[in-house]
file start_1.txt (compact mmCIF, C-alpha atoms and all ligand atoms)
# COMPACT_ATOMS: atom_id res chain seq x y z
CA MET V 3 16.60 -13.49 4.82
CA ARG V 4 16.39 -9.69 5.09
CA VAL V 5 13.60 -8.35 7.28
CA VAL V 6 12.43 -4.86 8.13
CA LEU V 7 10.45 -4.64 11.33
CA SER V 8 8.30 -1.58 11.97
CA LEU V 9 7.63 -1.26 15.67
CA GLY V 10 4.83 1.26 16.04
CA GLY V 11 5.25 3.73 18.85
CA SER V 12 2.06 2.41 20.40
CA VAL V 13 3.65 -1.04 20.47
CA LEU V 14 7.15 -0.22 21.67
CA ALA V 15 6.53 2.83 23.81
CA PRO V 16 2.89 3.66 24.56
CA GLU V 17 4.51 4.79 27.78
CA LEU V 18 8.08 4.28 28.95
CA ASP V 19 8.35 0.66 30.05
CA PRO V 20 11.86 -0.84 29.98
CA ASP V 21 10.48 -4.40 30.23
CA ARG V 22 8.43 -3.95 27.08
CA VAL V 23 11.44 -2.61 25.17
CA ALA V 24 13.57 -5.50 26.50
CA ARG V 25 10.99 -8.07 25.30
CA HIS V 26 11.03 -6.60 21.79
CA ALA V 27 14.84 -6.48 21.81
CA ALA V 28 14.95 -10.16 22.82
CA VAL V 29 12.80 -11.10 19.84
CA ILE V 30 15.01 -9.07 17.48
CA GLU V 31 18.09 -10.81 18.88
CA ARG V 32 16.48 -14.23 18.46
CA LEU V 33 15.62 -13.41 14.83
CA ALA V 34 19.21 -12.27 14.22
CA GLY V 35 20.38 -15.50 15.86
CA GLU V 36 18.24 -17.43 13.36
CA GLY V 37 20.13 -15.77 10.53
CA CYS V 38 17.88 -12.81 9.72
CA SER V 39 19.45 -9.51 8.61
CA LEU V 40 17.38 -6.89 10.34
CA GLY V 41 16.41 -3.27 10.14
CA ALA V 42 14.07 -2.00 12.87
CA VAL V 43 12.10 1.23 12.49
CA VAL V 44 10.52 2.59 15.65
CA GLY V 45 7.67 5.04 16.13
CA GLY V 46 7.13 7.86 18.58
CA GLY V 47 4.36 6.53 20.80
CA GLY V 48 2.70 8.36 23.65
CA VAL V 49 5.74 10.50 24.39
CA ALA V 50 5.74 11.89 20.84
CA ARG V 51 2.03 12.64 21.08
CA GLU V 52 2.57 14.52 24.36
CA TYR V 53 5.41 16.60 22.94
CA ILE V 54 3.51 17.32 19.72
CA GLY V 55 0.40 18.30 21.71
CA ALA V 56 2.38 20.67 23.93
CA ALA V 57 4.23 22.22 20.99
CA ARG V 58 0.95 22.67 19.07
CA GLN V 59 -0.46 24.64 22.01
CA LEU V 60 2.69 26.75 21.92
CA GLY V 61 2.04 27.64 18.27
CA ALA V 62 4.52 25.37 16.47
CA ASN V 63 3.77 24.83 12.79
CA GLU V 64 3.18 21.37 11.28
CA VAL V 65 6.76 20.94 10.08
CA GLN V 66 8.07 21.86 13.51
CA LEU V 67 5.66 19.34 15.03
CA ASP V 68 6.92 16.67 12.65
CA GLN V 69 10.51 17.54 13.59
CA ILE V 70 9.64 17.05 17.25
CA GLY V 71 8.00 13.73 16.39
CA ILE V 72 11.12 12.64 14.49
CA ASP V 73 13.34 13.55 17.45
CA VAL V 74 11.20 11.40 19.76
CA THR V 75 11.28 8.44 17.34
CA ARG V 76 15.08 8.73 17.39
CA ILE V 77 15.12 8.73 21.19
CA ASN V 78 12.98 5.57 21.08
CA ALA V 79 15.46 4.14 18.59
CA ARG V 80 18.22 4.79 21.11
CA LEU V 81 16.15 3.04 23.76
CA LEU V 82 15.88 -0.06 21.59
CA VAL V 83 19.60 0.13 20.78
CA ALA V 84 20.30 0.23 24.52
CA ALA V 85 18.30 -2.95 24.98
CA LEU V 86 20.04 -4.81 22.16
CA GLY V 87 23.36 -6.44 22.90
CA ALA V 88 26.33 -6.73 20.57
CA GLY V 89 25.52 -6.83 16.89
CA VAL V 90 23.52 -3.62 16.72
CA ASP V 91 24.80 -0.42 15.12
CA PRO V 92 25.02 1.80 18.23
CA THR V 93 23.98 4.94 16.34
CA PRO V 94 20.41 5.08 15.04
CA ALA V 95 20.55 5.52 11.25
CA HIS V 96 19.59 9.00 10.01
CA ASP V 97 18.89 7.82 6.49
CA TYR V 98 18.56 4.72 4.34
CA ASP V 99 22.22 4.73 3.27
CA GLU V 100 23.38 4.54 6.87
CA ALA V 101 20.88 1.80 7.67
CA GLY V 102 21.81 -0.13 4.52
CA ASP V 103 25.53 0.16 5.29
CA ALA V 104 25.02 -1.16 8.83
CA ILE V 105 22.91 -4.08 7.63
CA ARG V 106 25.49 -4.91 4.93
CA ARG V 107 28.15 -5.00 7.66
CA GLY V 108 26.03 -7.58 9.46
CA ASP V 109 24.73 -5.27 12.17
CA ILE V 110 21.12 -4.79 13.18
CA SER V 111 20.18 -1.22 12.24
CA VAL V 112 17.63 0.78 14.21
CA MET V 113 16.15 4.02 12.98
CA GLY V 114 13.29 6.42 13.60
CA GLY V 115 11.84 9.08 11.33
CA VAL V 116 13.71 10.80 8.53
CA MET V 117 11.74 13.78 7.23
CA PRO V 118 8.59 15.82 7.90
CA GLY V 119 5.29 14.99 6.22
CA GLN V 120 5.16 11.26 6.83
CA THR V 121 5.30 8.68 9.61
CA THR V 122 7.64 5.82 10.40
CA ASP V 123 5.26 3.51 8.48
CA ALA V 124 6.64 5.08 5.32
CA VAL V 125 10.22 4.93 6.61
CA ALA V 126 9.87 1.17 7.15
CA ALA V 127 8.47 0.63 3.64
CA ALA V 128 11.24 2.74 2.08
CA LEU V 129 13.94 0.92 4.05
CA ALA V 130 12.46 -2.42 2.99
CA GLU V 131 12.60 -1.33 -0.64
CA TYR V 132 16.12 0.10 -0.19
CA ILE V 133 17.60 -3.12 1.21
CA ASP V 134 15.43 -5.32 -1.04
CA ALA V 135 13.93 -7.00 2.01
CA ASP V 136 12.26 -10.39 1.76
CA LEU V 137 9.69 -9.35 4.32
CA LEU V 138 8.34 -6.19 5.91
CA VAL V 139 6.49 -6.61 9.21
CA TYR V 140 4.31 -3.92 10.75
CA ALA V 141 3.85 -4.59 14.45
CA THR V 142 0.96 -2.26 15.23
CA ASN V 143 -1.83 -1.88 17.75
CA ALA V 144 -4.31 -3.29 15.21
CA ASP V 145 -4.47 -7.02 14.53
CA GLY V 146 -4.51 -6.62 10.76
CA ILE V 147 -6.11 -4.66 7.94
CA TYR V 148 -9.91 -4.36 8.07
CA ASP V 149 -12.33 -3.14 5.41
CA ALA V 150 -13.45 -0.43 7.85
CA ASP V 151 -12.24 0.95 11.17
CA PRO V 152 -13.06 -1.86 13.66
CA ASN V 153 -13.23 0.73 16.45
CA GLU V 154 -16.03 2.48 14.56
CA SER V 155 -17.87 -0.40 12.90
CA ASP V 156 -18.90 -3.73 14.45
CA ASP V 157 -19.27 -5.13 10.92
CA ALA V 158 -15.64 -4.50 9.97
CA VAL V 159 -14.07 -7.59 8.42
CA LYS V 160 -10.38 -8.42 8.61
CA PHE V 161 -8.49 -9.42 5.47
CA ASP V 162 -6.34 -12.53 5.82
CA GLU V 163 -4.59 -11.65 2.60
CA LEU V 164 -4.44 -8.70 0.18
CA THR V 165 -2.39 -7.72 -2.84
CA PRO V 166 -0.44 -4.46 -2.51
CA THR V 167 -2.86 -2.78 -4.92
CA GLU V 168 -5.82 -3.94 -2.83
CA LEU V 169 -4.02 -2.60 0.26
CA VAL V 170 -3.81 0.86 -1.35
CA GLU V 171 -7.50 0.67 -2.31
CA VAL V 172 -8.46 -0.15 1.28
CA ILE V 173 -6.22 2.53 2.81
CA VAL V 174 -7.21 5.43 0.48
CA PRO V 175 -10.72 5.97 1.92
CA MET V 176 -9.41 5.50 5.49
CA SER V 177 -6.87 8.25 4.85
CA ARG V 178 -9.62 10.59 3.65
CA ASP V 179 -11.80 10.21 6.73
CA ALA V 180 -10.64 12.49 9.52
CA GLY V 181 -10.27 10.59 12.77
CA THR V 182 -9.89 7.19 11.13
CA SER V 183 -6.44 5.87 11.59
CA ALA V 184 -5.24 3.18 9.20
CA PRO V 185 -2.84 0.58 10.63
CA VAL V 186 -0.47 1.39 7.74
CA ASP V 187 -0.47 4.88 6.25
CA LEU V 188 -1.06 5.67 2.59
CA VAL V 189 2.52 6.63 1.73
CA ALA V 190 3.66 3.29 3.11
CA ALA V 191 0.96 1.40 1.20
CA LYS V 192 2.02 3.08 -2.06
CA LEU V 193 5.67 2.23 -1.43
CA ILE V 194 4.68 -1.39 -0.73
CA GLU V 195 2.76 -1.42 -4.02
CA ARG V 196 5.66 0.13 -5.95
CA ALA V 197 8.17 -2.32 -4.52
CA GLY V 198 5.88 -5.35 -4.68
CA MET V 199 6.94 -5.93 -1.07
CA ARG V 200 5.71 -8.94 0.84
CA THR V 201 4.32 -7.51 4.06
CA VAL V 202 2.64 -8.68 7.24
CA VAL V 203 0.50 -6.42 9.44
CA LEU V 204 -0.05 -7.84 12.90
CA ASP V 205 -0.78 -7.02 16.51
CA GLY V 206 2.65 -6.37 17.99
CA SER V 207 1.59 -6.09 21.62
CA ASP V 208 2.94 -9.62 22.14
CA PRO V 209 6.53 -9.54 20.80
CA ASP V 210 6.52 -13.33 20.40
CA ALA V 211 3.87 -12.92 17.70
CA ILE V 212 6.47 -11.10 15.62
CA GLU V 213 8.90 -13.98 15.95
CA GLY V 214 6.29 -16.54 14.90
CA ALA V 215 5.34 -14.48 11.87
CA VAL V 216 8.91 -14.06 10.64
CA LEU V 217 10.22 -17.55 11.36
CA ARG V 218 7.16 -19.68 10.76
CA GLY V 219 4.68 -17.50 8.94
CA GLU V 220 2.26 -17.99 11.83
CA HIS V 221 0.18 -14.96 12.68
CA THR V 222 -3.40 -13.83 12.91
CA GLY V 223 -2.92 -10.55 11.07
CA THR V 224 -2.98 -9.72 7.36
CA ASP V 225 -0.55 -10.95 4.68
CA VAL V 226 0.11 -8.56 1.82
CA VAL V 227 1.23 -10.77 -1.05
CA PRO V 228 2.44 -9.20 -4.32
CA GLU V 229 0.48 -9.94 -7.48
CA GLY V 230 1.68 -13.12 -9.09
CA GLY V 231 3.60 -13.99 -5.94
CA ASP V 232 3.51 -17.43 -4.45
CA ARG V 233 1.68 -18.17 -1.27
CA PRO V 234 3.68 -16.67 1.57
CA THR V 235 6.43 -19.18 2.15
CA TYR V 236 9.18 -16.78 3.18
CA TRP V 237 9.64 -18.44 6.54
CA ALA V 238 10.74 -21.63 4.81
CA GLN V 239 13.43 -19.84 2.83
CA ARG V 240 15.78 -18.82 5.60
P1 LIG E 301 5.10 7.78 14.20
O1 LIG E 301 5.57 7.02 13.02
O2 LIG E 301 5.14 7.14 15.53
O3 LIG E 301 3.68 8.41 13.90
O4 LIG E 301 5.94 9.13 14.27
P2 LIG E 301 2.20 7.93 14.17
O5 LIG E 301 1.91 6.82 13.23
O6 LIG E 301 1.39 9.19 14.04
O7 LIG E 301 2.19 7.42 15.67
P3 LIG E 301 1.53 6.09 16.28
O8 LIG E 301 2.41 4.93 15.83
O9 LIG E 301 0.13 6.02 15.75
O10 LIG E 301 1.62 6.32 17.77
C1 LIG E 301 5.61 10.14 15.22
C2 LIG E 301 5.51 11.47 14.51
O11 LIG E 301 6.81 11.87 14.01
C3 LIG E 301 6.68 12.57 12.79
C4 LIG E 301 5.19 12.68 12.51
O12 LIG E 301 4.73 13.90 13.05
C5 LIG E 301 4.61 11.49 13.29
O13 LIG E 301 3.27 11.67 13.62
N1 LIG E 301 7.46 11.89 11.73
C6 LIG E 301 7.86 10.58 11.88
C7 LIG E 301 7.82 12.58 10.60
O14 LIG E 301 7.46 13.75 10.42
N2 LIG E 301 8.59 11.97 9.64
C8 LIG E 301 9.02 10.70 9.78
O15 LIG E 301 9.76 10.20 8.88
C9 LIG E 301 8.62 9.98 10.91

call {"tool": "encode", "arguments": {"input": "start_1.txt", "output": "structure tokens"}}
result
Amino acid sequence: MRVVLSLGGSVLAPELDPDRVARHAAVIERLAGEGCSLGAVVGGGGVAREYIGAARQLGANEVQLDQIGIDVTRINARLLVAALGAGVDPTPAHDYDEAGDAIRRGDISVMGGVMPGQTTDAVAAALAEYIDADLLVYATNADGIYDADPNESDDAVKFDELTPTELVEVIVPMSRDAGTSAPVDLVAAKLIERAGMRTVVLDGSDPDAIEGAVLRGEHTGTDVVPEGGDRPTYWAQR
């Protein structure tokens, strides 16, 4: 079973905490031990936000800010590599070919951002499509996809399950509203729709929740199930 795991920066590195990184690495190693081929895509977190904020004050343009963000995601990728034992490609992949090659060799591949104008949400979706993953998991700081921003609206309702097209429909208005941050960005949602990619969006603050979702399909987040797809039974197909 091929799995792409997107570890949001707010999940892996809200601030630098080696224990948190080690707990996520342990889950990735356990999944590999259960026979999963794995690509991990890591976000920038609080450190990226600090750098981007400082550079913005210094007059950097948006592309330069994105480049700084990408550099920080790659440093976080190195942090996760450092926490993983044997079996990980020691160099964070710079593109999908490198990640795909490493995964084909049987290594775990870790990568950060690849190009300005997007976030690592989109990188994870593209990598999942590239390696024809069975499952894409977004470990985020939200516990699923809601019909409105739960931080803004007490009436927001969480979806247990959506089709990829419904996911795009839910994300589009969130992307239009300044200040509303969707748990998965629009580029990623469109890639998931294009690929018909089975996806789980869950709260990744507890790394064990990721393991349960991948191995047993147990989670309290949102399943994105392609149109015409069966009920999510990927965990039984290892
Ligand atoms: P993140 O993927 O962590 O962005 O990449 P985010 O979603 O804004 O952060 P969190 O998860 O909510 O904390 C950090 C930054 O790196 C740049 C963007 O500027 C992004 O905001 N980036 C990342 C790119 O420009 N391209 C990429 O492929 C990835």

call {"tool": "residues_around", "arguments": {"input": "start_1.txt", "residues": "stretch 217-225 of chain V", "least_positions_apart": "4", "cutoff": "7 Å", "atoms": "all atoms listed in the file", "output": "number ranges by chain"}}
result
V: 145-147, 161-164, 201-205, 211, 213, 237

call {"tool": "closest_residue", "arguments": {"input": "start_1.txt", "among": "V:Ser111, V:Thr93, V:Gln59, V:Ser12", "to": "V:Ala34", "atoms": "all atoms listed in the file"}}
result
V:Ser111

call {"tool": "residues_near_ligand", "arguments": {"input": "start_1.txt", "ligand": "ligand LIG 301 (chain E)", "cutoff": "7 Å", "atoms": "only C-alpha atoms and all ligand atoms", "output": "MDAnalysis selection string"}}
result
chainID V and resid 10:12 45:48 50 67:72 75 114:125

call {"tool": "closest_residue", "arguments": {"input": "start_1.txt", "among": "V:Pro152, V:Val83, V:Val186, V:Ala128", "to": "V:Asp109", "atoms": "all atoms listed in the file"}}
result
V:Val83

call {"tool": "atom_distance", "arguments": {"input": "start_1.txt", "atom1": "atom CA of V:Gly89", "atom2": "atom CA of V:Cys38"}}
result
12.1 Å

call {"tool": "closest_residue", "arguments": {"input": "start_1.txt", "among": "V:Met113, V:Val216, V:Ala150, V:Ile30", "to": "V:Ala85", "atoms": "all atoms listed in the file"}}
result
V:Ile30

call {"tool": "atom_distance", "arguments": {"input": "start_1.txt", "atom1": "atom CA of V:Asn63", "atom2": "atom CA of V:Val49"}}
result
18.5 Å

call {"tool": "residues_around", "arguments": {"input": "start_1.txt", "residues": "V:Gly108", "least_positions_apart": "3", "cutoff": "7 Å", "atoms": "only C-alpha atoms", "output": "MDAnalysis selection string"}}
result
chainID V and resid 39 104:105

call {"tool": "residues_around", "arguments": {"input": "start_1.txt", "residues": "V:Ser177", "least_positions_apart": "3", "cutoff": "12 Å", "atoms": "only C-alpha atoms", "output": "list in words"}}
result
Ala150, Asp151, Val170, Glu171, Val172, Ile173, Val174, Ala180, Gly181, Thr182, Ser183, Ala184, Pro185, Val186, Asp187, Leu188, Val189, Ala190 and Ala191 of chain V

call {"tool": "write_last_selection", "arguments": {"input": "start_1.txt", "atoms": "C-alpha atoms", "output": "compact mmCIF listing (two decimals), in the coordinates of the input"}}
result
# COMPACT_ATOMS: atom_id res chain seq x y z
CA ALA V 150 -13.45 -0.43 7.85
CA ASP V 151 -12.24 0.95 11.17
CA VAL V 170 -3.81 0.86 -1.35
CA GLU V 171 -7.50 0.67 -2.31
CA VAL V 172 -8.46 -0.15 1.28
CA ILE V 173 -6.22 2.53 2.81
CA VAL V 174 -7.21 5.43 0.48
CA ALA V 180 -10.64 12.49 9.52
CA GLY V 181 -10.27 10.59 12.77
CA THR V 182 -9.89 7.19 11.13
CA SER V 183 -6.44 5.87 11.59
CA ALA V 184 -5.24 3.18 9.20
CA PRO V 185 -2.84 0.58 10.63
CA VAL V 186 -0.47 1.39 7.74
CA ASP V 187 -0.47 4.88 6.25
CA LEU V 188 -1.06 5.67 2.59
CA VAL V 189 2.52 6.63 1.73
CA ALA V 190 3.66 3.29 3.11
CA ALA V 191 0.96 1.40 1.20

call {"tool": "closest_residue", "arguments": {"input": "start_1.txt", "among": "V:Asp21, V:Gly214, V:Asn153, V:Leu137", "to": "V:Val6", "atoms": "only C-alpha atoms"}}
result
V:Leu137

call {"tool": "closest_residue", "arguments": {"input": "start_1.txt", "among": "V:Ala84, V:Leu40, V:Arg106, V:Thr142", "to": "V:Ser207", "atoms": "all atoms listed in the file"}}
result
V:Thr142

call {"tool": "closest_residue", "arguments": {"input": "start_1.txt", "among": "V:Leu7, V:Val29, V:Ala135, V:Ala79", "to": "V:Gly102", "atoms": "all atoms listed in the file"}}
result
V:Ala135

call {"tool": "atom_distance", "arguments": {"input": "start_1.txt", "atom1": "atom CA of V:Glu229", "atom2": "atom CA of V:Thr165"}}
result
5.9 Å

call {"tool": "axis_aligned_box", "arguments": {"input": "start_1.txt", "around": "stretch 103-108 of chain V", "padding_each_side": "6 Å", "output": "AutoDock Vina command-line options"}}
result
--center_x 25.5 --center_y -3.7 --center_z 7.2 --size_x 17.2 --size_y 19.7 --size_z 16.5
